[in-house]
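Source file start.cif; content: mmCIF, C-alpha atoms and all ligand atoms.
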```
data_start
loop_
_atom_site.label_atom_id
_atom_site.label_comp_id
_atom_site.auth_asym_id
_atom_site.auth_seq_id
_atom_site.Cartn_x
_atom_site.Cartn_y
_atom_site.Cartn_z
CA MET N 152 100.86 46.11 106.21
CA THR N 153 101.95 49.74 106.29
CA SER N 154 99.52 50.67 103.58
CA ARG N 155 96.73 48.80 105.40
CA ILE N 156 97.45 50.81 108.55
CA HIS N 157 97.45 54.02 106.53
CA ARG N 158 94.23 53.00 104.87
CA SER N 159 92.52 52.22 108.14
CA ARG N 160 93.78 55.48 109.66
CA ARG N 161 92.42 57.34 106.69
CA THR N 162 89.10 55.54 107.07
CA VAL N 163 88.92 56.50 110.76
CA LEU N 164 89.83 60.12 109.99
CA ALA N 165 87.26 60.28 107.20
CA GLY N 166 84.70 58.83 109.59
CA VAL N 167 85.47 61.47 112.23
CA ALA N 168 85.20 64.25 109.64
CA SER N 169 81.92 62.85 108.39
CA LEU N 170 80.53 62.61 111.96
CA ALA N 171 81.56 66.21 112.62
CA ALA N 172 79.85 67.35 109.42
CA THR N 173 76.71 65.39 110.31
CA ALA N 174 76.68 66.95 113.80
CA LEU N 175 77.04 70.43 112.30
CA LEU N 176 74.31 69.70 109.79
CA ALA N 177 72.02 68.54 112.62
CA ARG N 178 72.78 71.68 114.67
CA THR N 179 72.55 74.31 111.94
CA GLY N 180 70.71 72.72 109.06
CA HIS N 181 73.62 73.73 106.78
CA ALA N 182 76.57 71.74 105.55
CA ALA N 183 79.88 73.41 106.44
CA ALA N 184 81.54 75.12 103.46
CA PRO N 185 85.07 76.50 103.64
CA ALA N 186 85.07 80.31 103.51
CA LEU N 187 86.70 81.90 100.47
CA ALA N 188 89.40 84.52 101.06
CA PRO N 189 88.23 88.01 100.04
CA THR N 190 89.98 89.58 97.04
CA PRO N 191 92.73 91.93 98.29
CA ARG N 192 92.18 95.66 98.05
CA ASP N 193 94.58 97.77 96.02
CA ALA N 194 94.96 101.53 95.55
CA GLU N 195 92.41 103.45 93.47
CA GLY N 196 95.12 105.60 91.92
CA PRO N 197 94.55 109.12 90.57
CA PHE N 198 92.77 108.32 87.28
CA TYR N 199 89.19 107.29 88.12
CA PRO N 200 87.11 109.29 85.60
CA ALA N 201 86.62 112.90 86.64
CA ARG N 202 83.28 112.70 84.81
CA LEU N 203 81.69 109.40 83.84
CA PRO N 204 81.42 109.04 80.05
CA ALA N 205 78.10 108.67 78.20
CA GLU N 206 79.30 105.41 76.66
CA ALA N 207 80.15 103.02 79.47
CA ASP N 208 79.19 99.52 78.34
CA HIS N 209 81.23 96.36 78.96
CA ASP N 210 82.97 96.56 75.56
CA LEU N 211 85.79 99.08 76.01
CA ALA N 212 87.42 98.13 72.72
CA ARG N 213 84.66 99.48 70.48
CA MET N 214 83.03 102.89 70.36
CA GLN N 215 79.51 103.22 68.96
CA GLY N 216 79.43 104.51 65.39
CA ARG N 217 83.14 103.97 64.89
CA ALA N 218 84.26 101.24 62.52
CA GLN N 219 87.79 101.04 63.85
CA GLY N 220 88.26 99.38 67.22
CA ALA N 221 90.78 100.16 69.94
CA LYS N 222 94.52 100.03 69.38
CA GLY N 223 96.34 97.32 71.28
CA THR N 224 95.76 93.61 71.90
CA LEU N 225 92.16 92.57 72.51
CA LEU N 226 91.44 90.98 75.89
CA TYR N 227 88.32 89.02 76.79
CA LEU N 228 88.17 89.10 80.58
CA GLU N 229 85.46 87.13 82.33
CA GLY N 230 84.83 85.62 85.73
CA ARG N 231 82.47 85.53 88.69
CA VAL N 232 81.71 87.61 91.73
CA LEU N 233 81.16 85.54 94.87
CA GLY N 234 80.63 86.10 98.57
CA THR N 235 83.03 84.51 101.06
CA ASP N 236 80.40 81.75 101.44
CA GLY N 237 80.85 80.91 97.74
CA ARG N 238 77.42 82.13 96.70
CA PRO N 239 77.20 84.23 93.52
CA LEU N 240 76.61 87.93 94.09
CA ALA N 241 74.13 88.53 91.26
CA GLY N 242 73.72 92.15 90.23
CA THR N 243 77.19 93.25 91.34
CA LYS N 244 78.24 96.39 89.45
CA LEU N 245 81.82 96.14 88.18
CA GLU N 246 83.57 99.30 86.95
CA LEU N 247 86.76 98.89 84.93
CA TRP N 248 89.10 101.71 83.91
CA GLN N 249 92.53 101.54 82.36
CA CYS N 250 94.80 103.54 80.09
CA ASP N 251 94.68 103.11 76.31
CA ALA N 252 97.39 101.44 74.23
CA THR N 253 99.46 104.64 74.23
CA GLY N 254 99.35 105.00 78.03
CA HIS N 255 96.67 107.70 78.35
CA TYR N 256 93.74 107.62 80.74
CA HIS N 257 90.49 108.95 79.29
CA HIS N 258 87.95 111.18 81.11
CA VAL N 259 90.57 112.82 83.31
CA GLY N 260 91.16 115.99 81.30
CA VAL N 261 93.91 114.67 79.04
CA ASP N 262 94.26 116.46 75.69
CA ALA N 263 91.80 114.64 73.41
CA ALA N 264 94.29 114.62 70.55
CA ALA N 265 96.56 112.33 72.59
CA LEU N 266 93.88 109.70 73.18
CA ASP N 267 92.99 106.59 71.18
CA ALA N 268 89.50 107.59 70.00
CA GLY N 269 88.64 103.92 69.47
CA PHE N 270 89.06 103.09 73.14
CA GLN N 271 86.40 103.73 75.77
CA GLY N 272 88.73 104.00 78.77
CA TYR N 273 85.99 103.08 81.26
CA GLY N 274 83.22 100.47 81.25
CA VAL N 275 80.62 98.78 83.43
CA ALA N 276 79.43 95.16 83.64
CA ILE N 277 76.67 93.76 85.83
CA ALA N 278 77.06 90.22 87.20
CA ASP N 279 74.28 87.84 86.11
CA ALA N 280 72.31 85.36 88.26
CA GLN N 281 75.36 83.07 88.51
CA GLY N 282 77.60 86.00 89.41
CA ARG N 283 79.22 85.97 85.96
CA PHE N 284 80.59 89.05 84.24
CA ALA N 285 82.46 89.69 80.99
CA PHE N 286 84.48 92.61 79.59
CA ARG N 287 85.93 93.08 76.13
CA THR N 288 88.89 95.40 76.42
CA ILE N 289 92.63 95.58 75.67
CA ARG N 290 95.52 93.91 77.40
CA PRO N 291 96.87 96.47 79.91
CA VAL N 292 100.14 98.12 78.84
CA ARG N 293 103.23 99.34 80.63
CA TYR N 294 103.23 103.09 81.07
CA GLY N 295 105.14 105.53 83.23
CA GLY N 296 106.63 103.74 86.20
CA ARG N 297 103.86 101.18 86.64
CA PRO N 298 103.37 97.52 85.75
CA PRO N 299 100.46 96.73 83.37
CA HIS N 300 97.21 96.84 85.38
CA LEU N 301 93.43 97.12 85.28
CA HIS N 302 91.52 99.21 87.84
CA PHE N 303 88.27 97.91 89.33
CA LYS N 304 85.52 99.02 91.66
CA LEU N 305 82.87 96.49 92.68
CA ALA N 306 79.60 97.24 94.46
CA HIS N 307 76.78 95.00 95.72
CA PRO N 308 74.13 95.92 98.32
CA ASP N 309 75.05 92.97 100.60
CA ALA N 310 78.83 93.30 100.33
CA ALA N 311 81.55 95.73 101.35
CA PRO N 312 82.63 97.77 98.30
CA LEU N 313 85.95 96.74 96.78
CA THR N 314 88.50 98.88 94.95
CA THR N 315 91.44 96.98 93.52
CA GLN N 316 93.73 96.37 90.54
CA LEU N 317 94.45 93.24 88.48
CA TYR N 318 97.77 92.39 86.81
CA PRO N 319 98.81 89.85 84.15
CA ARG N 320 100.52 86.82 85.74
CA GLY N 321 104.17 87.46 86.48
CA GLU N 322 103.96 91.18 85.69
CA SER N 323 102.65 92.67 88.94
CA ALA N 324 106.16 93.21 90.30
CA GLU N 325 107.52 94.92 87.18
CA ARG N 326 108.82 98.47 87.49
CA GLY N 327 107.99 100.61 90.46
CA LEU N 328 104.58 100.01 91.94
CA GLY N 329 103.48 103.63 92.18
CA PHE N 330 99.95 103.35 93.49
CA GLY N 331 99.98 99.55 93.74
CA LEU N 332 100.17 97.18 96.70
CA SER N 333 103.66 96.83 98.10
CA ASP N 334 103.18 93.32 99.53
CA ARG N 335 104.22 90.87 96.85
CA SER N 336 102.35 87.74 97.98
CA THR N 337 99.10 89.69 98.29
CA ARG N 338 99.65 91.32 94.91
CA GLU N 339 100.17 87.95 93.27
CA ARG N 340 96.62 87.04 94.29
CA LEU N 341 95.50 89.83 91.94
CA GLU N 342 97.16 88.28 88.90
CA PHE N 343 95.26 86.70 85.99
CA VAL N 344 96.59 84.22 83.43
CA LEU N 345 96.59 85.27 79.76
CA ALA N 346 95.87 82.72 77.05
CA PRO N 347 94.90 82.86 73.36
CA ALA N 348 91.16 83.56 73.01
CA ALA N 349 89.77 80.59 71.07
CA GLY N 350 87.31 81.47 68.32
CA ARG N 351 87.90 85.23 68.64
CA GLU N 352 89.86 87.74 66.54
CA PRO N 353 93.39 86.62 65.59
CA GLY N 354 95.83 87.52 68.36
CA ALA N 355 93.10 88.20 70.93
CA LEU N 356 93.74 87.07 74.52
CA ALA N 357 91.42 85.63 77.15
CA ALA N 358 91.64 85.63 80.93
CA SER N 359 89.44 84.69 83.84
CA TYR N 360 89.33 86.11 87.36
CA ASP N 361 86.89 85.47 90.23
CA PHE N 362 86.34 88.26 92.73
CA VAL N 363 85.34 87.46 96.33
CA LEU N 364 83.63 90.22 98.30
CA ARG N 365 83.42 90.31 102.10
CA GLY N 366 80.07 90.96 103.70
CA ARG N 367 79.10 94.35 105.08
CA ALA N 368 80.47 94.88 108.57
FE FE Q 401 96.59 103.12 86.74
#
```

Could you render the structure from this file as structure tokens?
Ligand SMILES: [Fe+2]
Amino acid sequence: MTSRIHRSRRTVLAGVASLAATALLARTGHAAAPALAPTPRDAEGPFYPARLPAEADHDLARMQGRAQGAKGTLLYLEGRVLGTDGRPLAGTKLELWQCDATGHYHHVGVDAAALDAGFQGYGVAIADAQGRFAFRTIRPVRYGGRPPHLHFKLAHPDAAPLTTQLYPRGESAERGLGFGLSDRSTRERLEFVLAPAAGREPGALAASYDFVLRGRA
């Protein structure tokens, strides 16, 4: 009896929701889609390249003409860039910069002898027609007083520009935050899950993260 009442209540509620959706569709010509929450902003920090390097492709772990790749653990990071309406933002330019496996940022005037010459330090990917992007880089490392992190800038003509940082899951609260977000629940929305990268180099990791950009004001 109870379950029949619940069932019939559910049926009525579903009917009301469906009527509301039909009314909206009739009024606007569009089905209602729940808005996605924009990706939180995070600090740019002091190490955006002082001068952009000549080599700036999406593979930060390999330098042209150099047989040896970057030091550190390889990371295949992919995902999508979407608007708050869920539509892919094709053509979004994603800039990624991070320190090398020994904790040095490139292209900021650091003594070249201290840098991992096999690591690019900065790279760019362009989102495809489905909003998809992919980077090949290294897992971010702990350095100084900061948790492991990746720096990003995203730009699309129809969206507000986004500067933020991503952190491996469970590591965003490690150490002092330095130039990171102080609000923990917001910061946790910038975490990505690491997993073994199937079919890639032994020990390589994979992660996925979808960015959501708000529209221009
Ligand atoms: Fe940093």

Do you know which residues lie at most 7 Å from (83.0, 87.5, 79.7), with coordinates as in the file and all atoms listed in the file counted, and could you write them as JSON, numbers by chain? {"N": [227, 228, 229, 230, 284, 285, 286]}

How many Å separate atom CA of N:Thr314 from atom CA of N:Gly196? 9.9 Å

I'd like a table as a tab-separated table: residues in chain N with an atom no more than 12 Å from ligand FE 401 (chain Q), each row giving the shortest atom pair and its distance in Å to one decimal, all atoms listed in the file counted, sorted by chain and rising residue number.
```
residue	atom	partner	partner_atom	distance
N:Asp193	CA	Q:FE401	FE	10.9
N:Ala194	CA	Q:FE401	FE	9.1
N:Glu195	CA	Q:FE401	FE	7.9
N:Gly196	CA	Q:FE401	FE	5.9
N:Pro197	CA	Q:FE401	FE	7.4
N:Phe198	CA	Q:FE401	FE	6.5
N:Tyr199	CA	Q:FE401	FE	8.6
N:Pro200	CA	Q:FE401	FE	11.4
N:Leu247	CA	Q:FE401	FE	10.9
N:Trp248	CA	Q:FE401	FE	8.1
N:Gln249	CA	Q:FE401	FE	6.2
N:Cys250	CA	Q:FE401	FE	6.9
N:Asp251	CA	Q:FE401	FE	10.6
N:Gly254	CA	Q:FE401	FE	9.3
N:His255	CA	Q:FE401	FE	9.6
N:Tyr256	CA	Q:FE401	FE	8.0
N:His257	CA	Q:FE401	FE	11.3
N:Val259	CA	Q:FE401	FE	11.9
N:Gly272	CA	Q:FE401	FE	11.2
N:Tyr273	CA	Q:FE401	FE	11.9
N:Pro291	CA	Q:FE401	FE	9.5
N:Val292	CA	Q:FE401	FE	10.0
N:Arg293	CA	Q:FE401	FE	9.8
N:Tyr294	CA	Q:FE401	FE	8.7
N:Gly295	CA	Q:FE401	FE	9.6
N:Gly296	CA	Q:FE401	FE	10.1
N:Arg297	CA	Q:FE401	FE	7.5
N:Pro298	CA	Q:FE401	FE	8.8
N:Pro299	CA	Q:FE401	FE	8.2
N:His300	CA	Q:FE401	FE	6.5
N:Leu301	CA	Q:FE401	FE	6.9
N:His302	CA	Q:FE401	FE	6.5
N:Phe303	CA	Q:FE401	FE	10.2
N:Thr315	CA	Q:FE401	FE	10.5
N:Gln316	CA	Q:FE401	FE	8.3
N:Leu317	CA	Q:FE401	FE	10.3
N:Tyr318	CA	Q:FE401	FE	10.8
N:Leu328	CA	Q:FE401	FE	10.0
N:Gly329	CA	Q:FE401	FE	8.8
N:Phe330	CA	Q:FE401	FE	7.5
N:Gly331	CA	Q:FE401	FE	8.6
```

Name the closest residue to N:Ala349 among the candidates N:Ala207, N:Leu226, N:Ile289, N:Ala212; distances are taken between atoms, counting only C-alpha atoms.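 So, comparing all the options, the nearest one is N:Leu226.
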
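Between N:Gly242 and the residues N:Pro189, N:Gly282, N:Gly354, N:Gly321, the shortest atom-to-atom distance, using only C-alpha atoms, involves N:Gly282.
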
note - atom CA of N:Ala346 and atom CA of N:Leu225 are separated by 11.5 Å

Of the candidates N:Ala276, N:Leu341, N:Ala268, N:Ala306, which shows the shortest atom-to-atom distance to N:Arg192, using all atoms listed in the file?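 Residue with the minimum atom-to-atom distance to N:Arg192: N:Leu341.
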
Please measure the separation of atom CA of N:Val363 and atom CA of N:Thr288, giving the value in Å to one decimal. 21.7 Å

So, counting only C-alpha atoms, which residue among N:Leu211, N:Leu332, N:Ala280, N:Ala357 is closest to N:Val232? N:Ala280
